[in-house]
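Visitor: Sending over my_file.cif (mmCIF, C-alpha atoms).
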data_structure
loop_
_atom_site.group_PDB
_atom_site.id
_atom_site.type_symbol
_atom_site.label_atom_id
_atom_site.label_comp_id
_atom_site.auth_asym_id
_atom_site.auth_seq_id
_atom_site.Cartn_x
_atom_site.Cartn_y
_atom_site.Cartn_z
ATOM 1 C CA MET Z 1 7.074 32.189 -28.800
ATOM 2 C CA LYS Z 2 6.420 28.877 -30.570
ATOM 3 C CA LYS Z 3 10.115 27.970 -30.257
ATOM 4 C CA VAL Z 4 10.058 28.762 -26.535
ATOM 5 C CA LEU Z 5 6.956 26.628 -25.964
ATOM 6 C CA LEU Z 6 8.454 23.788 -27.982
ATOM 7 C CA GLY Z 7 11.652 23.964 -25.958
ATOM 8 C CA LEU Z 8 9.717 23.886 -22.684
ATOM 9 C CA SER Z 9 7.690 20.929 -23.932
ATOM 10 C CA LEU Z 10 10.830 19.019 -24.800
ATOM 11 C CA LEU Z 11 12.314 19.788 -21.407
ATOM 12 C CA MET Z 12 9.175 18.494 -19.730
ATOM 13 C CA VAL Z 13 9.246 15.330 -21.801
ATOM 14 C CA GLY Z 14 12.921 14.806 -20.984
ATOM 15 C CA ALA Z 15 12.261 15.301 -17.279
ATOM 16 C CA THR Z 16 9.453 12.759 -17.399
ATOM 17 C CA VAL Z 17 11.612 10.173 -19.122
ATOM 18 C CA SER Z 18 14.741 10.582 -17.005
ATOM 19 C CA ALA Z 19 13.300 11.194 -13.535
ATOM 20 C CA GLN Z 20 12.821 8.456 -10.975
ATOM 21 C CA HIS Z 21 10.583 9.090 -7.991
ATOM 22 C CA VAL Z 22 9.886 7.136 -4.831
ATOM 23 C CA GLY Z 23 6.253 6.362 -4.067
ATOM 24 C CA GLU Z 24 4.489 5.606 -0.810
ATOM 25 C CA GLU Z 25 2.349 2.708 -1.963
ATOM 26 C CA TYR Z 26 2.756 0.126 -4.726
ATOM 27 C CA ARG Z 27 0.626 -2.578 -6.322
ATOM 28 C CA LEU Z 28 2.011 -5.679 -8.039
ATOM 29 C CA LYS Z 29 1.489 -5.417 -11.779
ATOM 30 C CA LYS Z 30 3.314 -8.457 -13.186
ATOM 31 C CA THR Z 31 6.318 -10.720 -12.865
ATOM 32 C CA ILE Z 32 8.954 -11.536 -15.469
ATOM 33 C CA PRO Z 33 11.242 -14.588 -15.243
ATOM 34 C CA VAL Z 34 14.938 -13.837 -15.824
ATOM 35 C CA ALA Z 35 18.174 -15.828 -15.866
ATOM 36 C CA GLY Z 36 20.022 -13.735 -13.282
ATOM 37 C CA ARG Z 37 19.827 -13.850 -9.500
ATOM 38 C CA GLN Z 38 21.592 -10.692 -8.311
ATOM 39 C CA GLY Z 39 20.712 -7.196 -9.522
ATOM 40 C CA ILE Z 40 18.454 -5.030 -11.662
ATOM 41 C CA ALA Z 41 19.008 -1.699 -13.447
ATOM 42 C CA ILE Z 42 16.595 0.071 -15.787
ATOM 43 C CA ASP Z 43 16.819 2.683 -18.523
ATOM 44 C CA ASP Z 44 14.169 3.914 -20.949
ATOM 45 C CA ASN Z 45 14.095 0.728 -23.021
ATOM 46 C CA TYR Z 46 15.723 -2.167 -21.176
ATOM 47 C CA TYR Z 47 16.065 -4.155 -17.995
ATOM 48 C CA TYR Z 48 19.682 -5.009 -17.133
ATOM 49 C CA VAL Z 49 20.062 -8.031 -14.868
ATOM 50 C CA SER Z 50 23.185 -9.291 -13.129
ATOM 51 C CA ASP Z 51 23.685 -12.944 -12.450
ATOM 52 C CA THR Z 52 26.456 -13.990 -10.108
ATOM 53 C CA LYS Z 53 28.864 -14.278 -13.055
ATOM 54 C CA ALA Z 54 27.053 -12.653 -15.979
ATOM 55 C CA LEU Z 55 25.330 -9.523 -17.263
ATOM 56 C CA LEU Z 56 22.062 -9.839 -19.192
ATOM 57 C CA LYS Z 57 19.935 -7.349 -21.104
ATOM 58 C CA TYR Z 58 16.168 -7.752 -21.583
ATOM 59 C CA ASP Z 59 13.535 -5.717 -23.328
ATOM 60 C CA LYS Z 60 10.634 -4.719 -21.120
ATOM 61 C CA GLU Z 61 8.544 -7.660 -22.252
ATOM 62 C CA GLY Z 62 11.171 -10.015 -20.833
ATOM 63 C CA LYS Z 63 12.930 -11.022 -24.072
ATOM 64 C CA LEU Z 64 16.689 -11.557 -23.727
ATOM 65 C CA VAL Z 65 18.510 -9.337 -26.237
ATOM 66 C CA ALA Z 66 22.147 -9.541 -25.076
ATOM 67 C CA LYS Z 67 24.380 -11.404 -22.643
ATOM 68 C CA ASN Z 68 27.961 -11.287 -21.375
ATOM 69 C CA ASP Z 69 28.748 -14.546 -19.585
ATOM 70 C CA GLN Z 70 32.478 -13.826 -19.280
ATOM 71 C CA PRO Z 71 32.408 -10.348 -17.722
ATOM 72 C CA PHE Z 72 35.375 -10.584 -15.337
ATOM 73 C CA ARG Z 73 38.784 -9.441 -16.563
ATOM 74 C CA HIS Z 74 40.456 -11.396 -13.763
ATOM 75 C CA PRO Z 75 38.150 -14.295 -12.820
ATOM 76 C CA GLU Z 76 40.782 -15.695 -10.482
ATOM 77 C CA ILE Z 77 40.181 -12.786 -8.082
ATOM 78 C CA ALA Z 78 36.527 -11.934 -8.798
ATOM 79 C CA ASN Z 79 33.556 -14.301 -9.020
ATOM 80 C CA HIS Z 80 30.518 -12.294 -7.975
ATOM 81 C CA PHE Z 81 28.279 -9.429 -9.093
ATOM 82 C CA GLY Z 82 25.788 -7.847 -6.723
ATOM 83 C CA ASP Z 83 23.013 -5.366 -7.431
ATOM 84 C CA ILE Z 84 23.701 -2.907 -10.267
ATOM 85 C CA ASP Z 85 22.670 0.505 -11.581
ATOM 86 C CA ILE Z 86 22.791 2.333 -14.919
ATOM 87 C CA TYR Z 87 23.770 5.951 -15.485
ATOM 88 C CA ASN Z 88 24.648 7.830 -18.689
ATOM 89 C CA GLY Z 89 24.758 4.634 -20.724
ATOM 90 C CA GLU Z 90 27.028 2.800 -18.305
ATOM 91 C CA ILE Z 91 26.266 -0.088 -15.956
ATOM 92 C CA TYR Z 92 27.762 0.242 -12.487
ATOM 93 C CA CYS Z 93 28.460 -3.130 -10.872
ATOM 94 C CA GLY Z 94 29.656 -4.150 -7.439
ATOM 95 C CA LEU Z 95 32.388 -6.715 -7.993
ATOM 96 C CA GLU Z 96 34.121 -9.091 -5.555
ATOM 97 C CA LYS Z 97 35.227 -12.597 -4.752
ATOM 98 C CA PHE Z 98 32.498 -14.008 -2.492
ATOM 99 C CA GLU Z 99 32.858 -17.140 -0.397
ATOM 100 C CA TYR Z 100 30.342 -18.179 2.254
ATOM 101 C CA GLY Z 101 29.576 -14.912 3.923
ATOM 102 C CA ARG Z 102 32.664 -12.867 3.111
ATOM 103 C CA GLY Z 103 33.709 -10.616 0.231
ATOM 104 C CA TYR Z 104 37.238 -9.978 -1.055
ATOM 105 C CA ASN Z 105 38.829 -7.837 -3.808
ATOM 106 C CA ILE Z 106 35.947 -5.357 -3.906
ATOM 107 C CA ALA Z 107 35.645 -2.919 -6.812
ATOM 108 C CA VAL Z 108 33.168 -0.738 -8.665
ATOM 109 C CA SER Z 109 33.280 -2.044 -12.246
ATOM 110 C CA VAL Z 110 31.736 -0.011 -15.056
ATOM 111 C CA TYR Z 111 30.379 -1.697 -18.199
ATOM 112 C CA ASP Z 112 29.024 -0.317 -21.464
ATOM 113 C CA ALA Z 113 25.231 -0.651 -21.572
ATOM 114 C CA ASN Z 114 25.181 -1.311 -25.330
ATOM 115 C CA THR Z 115 27.842 -4.011 -25.494
ATOM 116 C CA LEU Z 116 27.844 -5.206 -21.846
ATOM 117 C CA GLN Z 117 31.660 -5.040 -21.987
ATOM 118 C CA TRP Z 118 33.956 -3.800 -19.218
ATOM 119 C CA LYS Z 119 35.221 -0.206 -19.406
ATOM 120 C CA ARG Z 120 36.933 0.701 -16.116
ATOM 121 C CA ASP Z 121 37.137 0.113 -12.358
ATOM 122 C CA PHE Z 122 36.996 2.314 -9.295
ATOM 123 C CA PRO Z 123 39.406 0.991 -6.645
ATOM 124 C CA TRP Z 124 37.969 -0.039 -3.289
ATOM 125 C CA VAL Z 125 39.257 1.594 -0.098
ATOM 126 C CA PRO Z 126 39.537 -1.089 2.619
ATOM 127 C CA GLU Z 127 40.274 1.602 5.213
ATOM 128 C CA SER Z 128 36.605 2.590 4.926
ATOM 129 C CA GLY Z 129 35.679 -0.534 6.890
ATOM 130 C CA GLN Z 130 33.688 -2.142 4.084
ATOM 131 C CA VAL Z 131 34.068 -5.936 3.924
ATOM 132 C CA GLU Z 132 31.578 -6.902 1.175
ATOM 133 C CA VAL Z 133 29.611 -5.338 -1.687
ATOM 134 C CA SER Z 134 26.093 -6.670 -2.160
ATOM 135 C CA GLY Z 135 24.955 -3.876 -4.440
ATOM 136 C CA LEU Z 136 25.473 -0.326 -5.550
ATOM 137 C CA ALA Z 137 23.446 2.660 -6.681
ATOM 138 C CA VAL Z 138 24.216 5.968 -8.340
ATOM 139 C CA ASP Z 139 23.069 9.147 -6.618
ATOM 140 C CA ARG Z 140 22.331 11.186 -9.736
ATOM 141 C CA ASP Z 141 21.777 14.400 -7.791
ATOM 142 C CA LYS Z 142 25.062 14.335 -5.872
ATOM 143 C CA ASN Z 143 27.185 12.542 -8.477
ATOM 144 C CA MET Z 144 28.123 9.687 -6.156
ATOM 145 C CA VAL Z 145 27.965 5.919 -6.152
ATOM 146 C CA TRP Z 146 26.954 4.085 -2.963
ATOM 147 C CA MET Z 147 27.768 0.478 -2.026
ATOM 148 C CA SER Z 148 25.856 -1.712 0.410
ATOM 149 C CA ASP Z 149 27.488 -4.399 2.554
ATOM 150 C CA TRP Z 150 25.728 -7.735 3.092
ATOM 151 C CA VAL Z 151 28.210 -9.054 5.657
ATOM 152 C CA ASP Z 152 28.129 -5.981 7.892
ATOM 153 C CA SER Z 153 25.014 -4.009 6.997
ATOM 154 C CA ARG Z 154 25.585 -1.335 9.630
ATOM 155 C CA TYR Z 155 27.088 0.937 6.969
ATOM 156 C CA ALA Z 156 26.807 1.880 3.296
ATOM 157 C CA TYR Z 157 29.741 3.559 1.528
ATOM 158 C CA ALA Z 158 29.933 6.463 -0.932
ATOM 159 C CA TYR Z 159 32.485 7.254 -3.662
ATOM 160 C CA ASP Z 160 32.774 10.359 -5.848
ATOM 161 C CA LEU Z 161 31.824 9.570 -9.457
ATOM 162 C CA ASP Z 162 34.214 12.126 -10.964
ATOM 163 C CA THR Z 163 37.343 11.169 -9.035
ATOM 164 C CA GLY Z 164 36.517 7.587 -8.025
ATOM 165 C CA LYS Z 165 37.718 8.410 -4.509
ATOM 166 C CA TYR Z 166 36.119 7.374 -1.219
ATOM 167 C CA TYR Z 167 33.792 10.112 0.068
ATOM 168 C CA THR Z 168 32.003 8.984 3.243
ATOM 169 C CA LYS Z 169 29.860 6.283 4.815
ATOM 170 C CA ILE Z 170 26.440 6.223 6.436
ATOM 171 C CA GLN Z 171 25.497 4.372 9.591
ATOM 172 C CA LEU Z 172 22.162 2.624 9.053
ATOM 173 C CA ALA Z 173 20.213 2.680 12.298
ATOM 174 C CA PRO Z 174 18.394 0.564 13.205
ATOM 175 C CA THR Z 175 20.423 -1.806 11.041
ATOM 176 C CA PRO Z 176 18.633 -3.803 8.321
ATOM 177 C CA TYR Z 177 19.763 -7.421 8.390
ATOM 178 C CA TRP Z 178 21.738 -8.679 5.370
ATOM 179 C CA CYS Z 179 21.261 -5.805 2.899
ATOM 180 C CA GLN Z 180 21.131 -7.021 -0.707
ATOM 181 C CA GLY Z 181 19.946 -4.309 -3.105
ATOM 182 C CA ILE Z 182 20.192 -0.530 -3.093
ATOM 183 C CA PHE Z 183 18.651 2.319 -5.098
ATOM 184 C CA ILE Z 184 18.661 6.115 -4.738
ATOM 185 C CA ALA Z 185 16.061 8.685 -5.845
ATOM 186 C CA ASP Z 186 14.540 11.890 -4.418
ATOM 187 C CA GLY Z 187 17.291 12.108 -1.802
ATOM 188 C CA LYS Z 188 16.255 8.704 -0.438
ATOM 189 C CA MET Z 189 18.147 5.431 -0.269
ATOM 190 C CA ILE Z 190 16.026 2.277 -0.560
ATOM 191 C CA LEU Z 191 17.557 -0.978 0.666
ATOM 192 C CA SER Z 192 16.340 -4.529 0.229
ATOM 193 C CA ALA Z 193 17.158 -6.833 3.131
ATOM 194 C CA ASP Z 194 17.252 -10.610 3.132
ATOM 195 C CA ASP Z 195 15.887 -10.556 6.669
ATOM 196 C CA GLY Z 196 13.042 -13.005 6.206
ATOM 197 C CA GLU Z 197 13.495 -16.762 6.324
ATOM 198 C CA SER Z 198 12.865 -18.905 3.268
ATOM 199 C CA LEU Z 199 12.747 -22.075 5.368
ATOM 200 C CA TYR Z 200 9.715 -20.759 7.265
ATOM 201 C CA GLN Z 201 8.375 -18.667 4.348
ATOM 202 C CA LEU Z 202 8.800 -15.397 6.241
ATOM 203 C CA PRO Z 203 8.937 -12.433 3.821
ATOM 204 C CA ASP Z 204 11.889 -10.128 3.221
ATOM 205 C CA ASN Z 205 11.605 -6.335 3.470
ATOM 206 C CA LEU Z 206 12.494 -2.978 1.941
ATOM 207 C CA TYR Z 207 13.791 -0.064 4.045
ATOM 208 C CA ILE Z 208 14.296 3.640 3.314
ATOM 209 C CA VAL Z 209 16.768 6.265 4.542
ATOM 210 C CA ASP Z 210 16.943 10.029 3.972
ATOM 211 C CA ILE Z 211 20.304 11.046 2.482
ATOM 212 C CA THR Z 212 19.468 14.631 1.544
ATOM 213 C CA GLU Z 213 22.588 15.894 3.333
ATOM 214 C CA VAL Z 214 25.836 13.986 2.770
ATOM 215 C CA PRO Z 215 28.854 15.685 4.388
ATOM 216 C CA TYR Z 216 32.337 14.724 3.216
ATOM 217 C CA THR Z 217 34.488 12.808 5.731
ATOM 218 C CA GLY Z 218 37.057 10.975 3.582
ATOM 219 C CA LEU Z 219 40.150 9.348 5.061
ATOM 220 C CA VAL Z 220 42.317 10.824 7.824
ATOM 221 C CA ASP Z 221 45.485 9.841 9.692
ATOM 222 C CA GLY Z 222 44.571 8.008 12.861
ATOM 223 C CA GLN Z 223 44.537 4.795 14.845
ATOM 224 C CA GLU Z 224 42.025 1.965 14.980
ATOM 225 C CA VAL Z 225 41.643 -1.583 16.228
ATOM 226 C CA VAL Z 226 42.697 -4.452 13.941
ATOM 227 C CA LYS Z 227 39.812 -6.765 13.027
ATOM 228 C CA ASP Z 228 40.326 -10.524 13.110
ATOM 229 C CA THR Z 229 36.949 -10.987 11.407
ATOM 230 C CA PRO Z 230 34.338 -8.323 10.555
ATOM 231 C CA PHE Z 231 32.874 -8.841 14.030
ATOM 232 C CA SER Z 232 35.883 -9.598 16.255
ATOM 233 C CA VAL Z 233 39.186 -7.926 17.089
ATOM 234 C CA ALA Z 234 42.683 -9.375 16.728
ATOM 235 C CA LEU Z 235 44.503 -9.931 20.027
ATOM 236 C CA ASP Z 236 48.220 -9.716 20.795
ATOM 237 C CA GLU Z 237 50.186 -12.203 22.915
ATOM 238 C CA ASN Z 238 48.947 -10.471 26.065
ATOM 239 C CA GLY Z 239 45.316 -10.768 25.078
ATOM 240 C CA LYS Z 240 45.016 -7.044 24.311
ATOM 241 C CA PRO Z 241 43.353 -5.655 21.160
ATOM 242 C CA MET Z 242 45.878 -4.990 18.388
ATOM 243 C CA MET Z 243 45.937 -1.447 17.005
ATOM 244 C CA ARG Z 244 47.192 -0.015 13.746
ATOM 245 C CA LYS Z 245 48.168 3.513 12.714
ATOM 246 C CA GLY Z 246 47.564 4.947 9.261
ATOM 247 C CA LYS Z 247 44.641 6.046 7.132
ATOM 248 C CA ILE Z 248 41.208 5.419 8.650
ATOM 249 C CA ALA Z 249 37.659 6.514 7.840
ATOM 250 C CA GLY Z 250 37.316 10.121 8.943
ATOM 251 C CA GLY Z 251 33.743 9.790 10.147
ATOM 252 C CA ALA Z 252 30.244 8.810 9.119
ATOM 253 C CA MET Z 253 26.819 10.357 8.799
ATOM 254 C CA LYS Z 254 23.778 9.024 10.647
ATOM 255 C CA GLY Z 255 21.017 7.447 8.615
ATOM 256 C CA ARG Z 256 17.663 6.855 10.297
ATOM 257 C CA VAL Z 257 16.156 3.756 8.765
ATOM 258 C CA LYS Z 258 12.407 3.364 8.313
ATOM 259 C CA HIS Z 259 10.481 0.320 7.167
ATOM 260 C CA PHE Z 260 9.285 0.825 3.591
ATOM 261 C CA ARG Z 261 7.540 -2.355 2.431
ATOM 262 C CA GLU Z 262 7.091 -5.982 3.440
ATOM 263 C CA MET Z 263 7.417 -8.200 0.362
ATOM 264 C CA ASN Z 264 4.566 -10.525 1.293
ATOM 265 C CA ASP Z 265 3.291 -10.730 -2.290
ATOM 266 C CA PHE Z 266 6.251 -12.764 -3.572
ATOM 267 C CA LYS Z 267 5.132 -16.167 -4.840
ATOM 268 C CA ARG Z 268 7.366 -17.718 -2.219
ATOM 269 C CA ALA Z 269 9.704 -16.212 0.340
ATOM 270 C CA GLY Z 270 13.271 -16.759 -0.791
ATOM 271 C CA GLU Z 271 16.257 -14.471 -1.230
ATOM 272 C CA ILE Z 272 15.459 -10.889 -2.166
ATOM 273 C CA GLU Z 273 18.141 -9.167 -4.234
ATOM 274 C CA GLY Z 274 18.351 -5.971 -6.305
ATOM 275 C CA LEU Z 275 15.829 -3.218 -6.892
ATOM 276 C CA ALA Z 276 15.401 -0.203 -9.168
ATOM 277 C CA ILE Z 277 12.854 2.384 -10.282
ATOM 278 C CA ASP Z 278 11.874 2.605 -13.956
ATOM 279 C CA PRO Z 279 12.674 6.124 -15.296
ATOM 280 C CA THR Z 280 9.733 6.041 -17.722
ATOM 281 C CA ASN Z 281 6.860 5.338 -15.318
ATOM 282 C CA ASP Z 282 8.235 5.080 -11.744
ATOM 283 C CA ASP Z 283 7.536 1.338 -11.550
ATOM 284 C CA LEU Z 284 9.381 -0.255 -8.643
ATOM 285 C CA VAL Z 285 11.147 -3.427 -9.834
ATOM 286 C CA VAL Z 286 12.494 -5.974 -7.343
ATOM 287 C CA LEU Z 287 14.427 -9.171 -8.073
ATOM 288 C CA ASN Z 288 13.624 -12.241 -5.981
ATOM 289 C CA ASN Z 289 14.942 -15.807 -5.980
ATOM 290 C CA ARG Z 290 12.809 -18.689 -4.764
ATOM 291 C CA GLY Z 291 12.849 -22.441 -4.519
ATOM 292 C CA THR Z 292 16.222 -23.193 -2.904
ATOM 293 C CA GLN Z 293 17.671 -23.179 0.584
ATOM 294 C CA ILE Z 294 20.185 -20.377 1.187
ATOM 295 C CA VAL Z 295 23.154 -20.680 3.563
ATOM 296 C CA PHE Z 296 25.261 -17.545 4.077
ATOM 297 C CA GLY Z 297 24.133 -16.122 0.755
ATOM 298 C CA MET Z 298 24.737 -19.258 -1.320
ATOM 299 C CA SER Z 299 22.139 -21.642 -2.714
ATOM 300 C CA GLN Z 300 22.278 -25.213 -1.353
ATOM 301 C CA GLY Z 301 19.750 -26.912 -3.586
ATOM 302 C CA PRO Z 302 16.004 -26.939 -4.270
ATOM 303 C CA TYR Z 303 13.052 -27.527 -1.971
ATOM 304 C CA GLU Z 304 12.198 -30.788 -3.713
ATOM 305 C CA GLU Z 305 9.316 -31.518 -1.365
ATOM 306 C CA GLU Z 306 7.596 -28.415 -2.788
ATOM 307 C CA GLY Z 307 8.194 -29.478 -6.362
ATOM 308 C CA TYR Z 308 11.185 -27.231 -7.100
ATOM 309 C CA THR Z 309 13.964 -28.637 -9.257
ATOM 310 C CA GLY Z 310 16.087 -25.477 -9.214
ATOM 311 C CA GLU Z 311 16.118 -21.823 -8.271
ATOM 312 C CA ILE Z 312 13.671 -19.460 -9.984
ATOM 313 C CA HIS Z 313 14.605 -15.803 -10.562
ATOM 314 C CA GLU Z 314 11.849 -13.236 -11.168
ATOM 315 C CA LEU Z 315 11.431 -9.499 -11.548
ATOM 316 C CA TYR Z 316 8.449 -8.253 -9.560
ATOM 317 C CA ILE Z 317 7.124 -5.116 -11.213
ATOM 318 C CA TYR Z 318 5.044 -2.771 -9.052
ATOM 319 C CA GLU Z 319 3.123 0.259 -10.214
ATOM 320 C CA LYS Z 320 3.138 3.318 -8.006
ATOM 321 C CA ILE Z 321 -0.407 4.105 -6.844
ATOM 322 C CA LYS Z 322 0.441 6.825 -4.319
#
Starting from the coordinates I provided, produce the structure as structure tokens.

Guide:
Amino acid sequence: MKKVLLGLSLLMVGATVSAQHVGEEYRLKKTIPVAGRQGIAIDDNYYYVSDTKALLKYDKEGKLVAKNDQPFRHPEIANHFGDIDIYNGEIYCGLEKFEYGRGYNIAVSVYDANTLQWKRDFPWVPESGQVEVSGLAVDRDKNMVWMSDWVDSRYAYAYDLDTGKYYTKIQLAPTPYWCQGIFIADGKMILSADDGESLYQLPDNLYIVDITEVPYTGLVDGQEVVKDTPFSVALDENGKPMMRKGKIAGGAMKGRVKHFREMNDFKRAGEIEGLAIDPTNDDLVVLNNRGTQIVFGMSQGPYEEEGYTGEIHELYIYEKIK
């Protein structure tokens, strides 16, 4: 009987440590300055932060313990990390070449959480319709990884973790504007959106979507219009939309988006980025950048009239109170 009780106790402890749960109400507990401006992932002992071109590892008091400032195997085709996640000792990173509002050469890159070194990539499927990767999150219950799209935030895209193959996409309706970060827990997807305005100090927001049911759609043989840009079609010599035949996305699920939280307690409205939930205490952690003007996702220099000399990156740590 003692062995049974001990085993149950250990299971309960393990569940407490590894589970991440979404709350209804949060209160700001503290902020921690970091050297990265893109994403945040959390395990039992560390905060992992992505900068545009680096991975950093902090203890939970904000001390830097490791850094990889040359993370890209092919820097000529990739120059940008987005939001990140950690699962089974591996850091999942959205990777791309980003230039003024457009992403290219998208991939899911997996790094070792101990060494911060690259391990493998999942290939991107352009036929899905995705044109940028602003962040990604692991769905631990369904064994999937989801990617958000900053350029065209109407959809988020799912890949199977075991096979690395494209699984489906979700239509986000109503559409959050310029999705940056993404996290999944309790069958819910939380998205951060850079939909405020730093110039006017209007706050950004978090949104939430139920993804309890995720039917497979994959790729199918079909026909679709050729895009000239993410928001316009290519025309032939007669002014008619050009079409292509081949593999296309086989469908999408509907995601009903609800407002989750207005981030009006940031020290200054800026550019919201990644988010995560701490597996040890359910703290909600959100990365925000402040102090510089942003044009199409890229910093243009500090608000000198407010006393800023550069961009400030901070983790906002919220305790769950309900």

Visitor: Find the distance between CA of Ala252 in chain Z and CA of Leu284 in chain Z and write it in Å to one decimal.

Guide: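 According to the coordinates, CA of Ala252 in chain Z and CA of Leu284 in chain Z are separated by 28.9 Å.
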
Visitor: Would you write out, as a PyMOL selection string, every residue that the PyMOL selection byres ((chain Z and resi 56) around 9) captures in this file?

Guide: chain Z and resi 34-36+47-51+54-55+57-58+64-69+116

Visitor: Report as a Markdown table: every residue of range 69-129 of chain Z with an atom at most 12 Å from range 228-238 of chain Z, its closest pair of atoms, and their distance in Å to one decimal, counting only C-alpha atoms, with rows sorted by chain and ascending residue number.

Guide:
| residue | atom | partner | partner_atom | distance |
| --- | --- | --- | --- | --- |
| Z:Gly101 | CA | Z:Pro230 | CA | 10.5 |
| Z:Arg102 | CA | Z:Pro230 | CA | 8.9 |
| Z:Gly103 | CA | Z:Pro230 | CA | 10.6 |
| Z:Pro126 | CA | Z:Pro230 | CA | 11.9 |
| Z:Gly129 | CA | Z:Pro230 | CA | 8.7 |

Visitor: Using Å and a single decimal, report how far CA of Asn288 in chain Z sits from CA of Gly89 in chain Z.

Guide: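 Those two atoms sit 25.0 Å apart.
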
Visitor: Tell me which of Z:Leu199, Z:Ile182, Z:Val286, Z:Ile312 sits closest to Leu28 in chain Z, counting all atoms listed in the file.

Guide: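 Selected residue with least distance to Leu28 in chain Z: Z:Val286.
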
Visitor: With distances taken over all atoms listed in the file, which residue among Z:Lys63, Z:Lys53, Z:Lys119, Z:Arg244 lies nearest Lys97 in chain Z?

Guide: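 Closest to Lys97 in chain Z, using all atoms listed in the file: Z:Lys53.
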
Visitor: Could you name the residues that touch range 141-154 of chain Z at 9 Å or less, counting all atoms listed in the file, but leaving out those on the same chain fewer than 6 positions away, as a ChimeraX atom specification?

Guide: /Z:92,94,101-103,108,130-135,160-162,164,167,169-187,191,193-194,214,230-231,297

Visitor: Just write the chosen residues, C-alpha atoms, as a short mmCIF file (atom, residue, chain, number, x, y, z; two decimals), keeping the file's coordinate frame.

Guide:
data_model
loop_
_atom_site.label_atom_id
_atom_site.label_comp_id
_atom_site.auth_asym_id
_atom_site.auth_seq_id
_atom_site.Cartn_x
_atom_site.Cartn_y
_atom_site.Cartn_z
CA TYR Z 92 27.76 0.24 -12.49
CA GLY Z 94 29.66 -4.15 -7.44
CA GLY Z 101 29.58 -14.91 3.92
CA ARG Z 102 32.66 -12.87 3.11
CA GLY Z 103 33.71 -10.62 0.23
CA VAL Z 108 33.17 -0.74 -8.66
CA GLN Z 130 33.69 -2.14 4.08
CA VAL Z 131 34.07 -5.94 3.92
CA GLU Z 132 31.58 -6.90 1.18
CA VAL Z 133 29.61 -5.34 -1.69
CA SER Z 134 26.09 -6.67 -2.16
CA GLY Z 135 24.96 -3.88 -4.44
CA ASP Z 160 32.77 10.36 -5.85
CA LEU Z 161 31.82 9.57 -9.46
CA ASP Z 162 34.21 12.13 -10.96
CA GLY Z 164 36.52 7.59 -8.02
CA TYR Z 167 33.79 10.11 0.07
CA LYS Z 169 29.86 6.28 4.82
CA ILE Z 170 26.44 6.22 6.44
CA GLN Z 171 25.50 4.37 9.59
CA LEU Z 172 22.16 2.62 9.05
CA ALA Z 173 20.21 2.68 12.30
CA PRO Z 174 18.39 0.56 13.20
CA THR Z 175 20.42 -1.81 11.04
CA PRO Z 176 18.63 -3.80 8.32
CA TYR Z 177 19.76 -7.42 8.39
CA TRP Z 178 21.74 -8.68 5.37
CA CYS Z 179 21.26 -5.80 2.90
CA GLN Z 180 21.13 -7.02 -0.71
CA GLY Z 181 19.95 -4.31 -3.10
CA ILE Z 182 20.19 -0.53 -3.09
CA PHE Z 183 18.65 2.32 -5.10
CA ILE Z 184 18.66 6.12 -4.74
CA ALA Z 185 16.06 8.68 -5.84
CA ASP Z 186 14.54 11.89 -4.42
CA GLY Z 187 17.29 12.11 -1.80
CA LEU Z 191 17.56 -0.98 0.67
CA ALA Z 193 17.16 -6.83 3.13
CA ASP Z 194 17.25 -10.61 3.13
CA VAL Z 214 25.84 13.99 2.77
CA PRO Z 230 34.34 -8.32 10.56
CA PHE Z 231 32.87 -8.84 14.03
CA GLY Z 297 24.13 -16.12 0.76
#

Visitor: Evaluate the PyMOL selection byres ((chain Z and resi 80) around 7) against this structure - the residues, as a list in words, please.

Guide: Thr52, Lys53, Ala78, Asn79, Phe81, Gly82, Leu95, Glu96, Lys97 and Phe98 of chain Z

Visitor: Return the single residue from Z:Asp83, Z:Asp43, Z:Glu224, Z:Glu319 that is closest to Ser192 in chain Z, with distances computed using all atoms listed in the file.

Guide: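 Closest candidate: Z:Asp83.
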
Visitor: Quick check, in Å to one decimal: how far apart do CA of Gly39 in chain Z and CA of Asn88 in chain Z lie?

Guide: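 CA of Asn88 in chain Z lies at a distance of 18.0 Å from CA of Gly39 in chain Z.
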
Visitor: Counting all atoms listed in the file, which residue out of Z:Tyr46, Z:Tyr303, Z:Ala158, Z:Glu127 sits closest to Pro215 in chain Z?

Guide: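 Counting all atoms listed in the file, the residue closest to Pro215 in chain Z is Z:Ala158.
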
Visitor: Running the PyMOL selection byres ((chain Z and resi 202) around 12) on this model by hand, what would come out? Give it as number ranges by chain.

Guide: Z: 194-201, 203-205, 262-272

Visitor: Store the residues picked out above, limited to C-alpha atoms, as a short mmCIF file (atom, residue, chain, number, x, y, z; two decimals), keeping the file's coordinate frame.

Guide:
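Done, and the output landed in result.cif:
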data_model
loop_
_atom_site.label_atom_id
_atom_site.label_comp_id
_atom_site.auth_asym_id
_atom_site.auth_seq_id
_atom_site.Cartn_x
_atom_site.Cartn_y
_atom_site.Cartn_z
CA ASP Z 194 17.25 -10.61 3.13
CA ASP Z 195 15.89 -10.56 6.67
CA GLY Z 196 13.04 -13.00 6.21
CA GLU Z 197 13.50 -16.76 6.32
CA SER Z 198 12.86 -18.90 3.27
CA LEU Z 199 12.75 -22.08 5.37
CA TYR Z 200 9.72 -20.76 7.26
CA GLN Z 201 8.38 -18.67 4.35
CA PRO Z 203 8.94 -12.43 3.82
CA ASP Z 204 11.89 -10.13 3.22
CA ASN Z 205 11.60 -6.34 3.47
CA GLU Z 262 7.09 -5.98 3.44
CA MET Z 263 7.42 -8.20 0.36
CA ASN Z 264 4.57 -10.52 1.29
CA ASP Z 265 3.29 -10.73 -2.29
CA PHE Z 266 6.25 -12.76 -3.57
CA LYS Z 267 5.13 -16.17 -4.84
CA ARG Z 268 7.37 -17.72 -2.22
CA ALA Z 269 9.70 -16.21 0.34
CA GLY Z 270 13.27 -16.76 -0.79
CA GLU Z 271 16.26 -14.47 -1.23
CA ILE Z 272 15.46 -10.89 -2.17
#
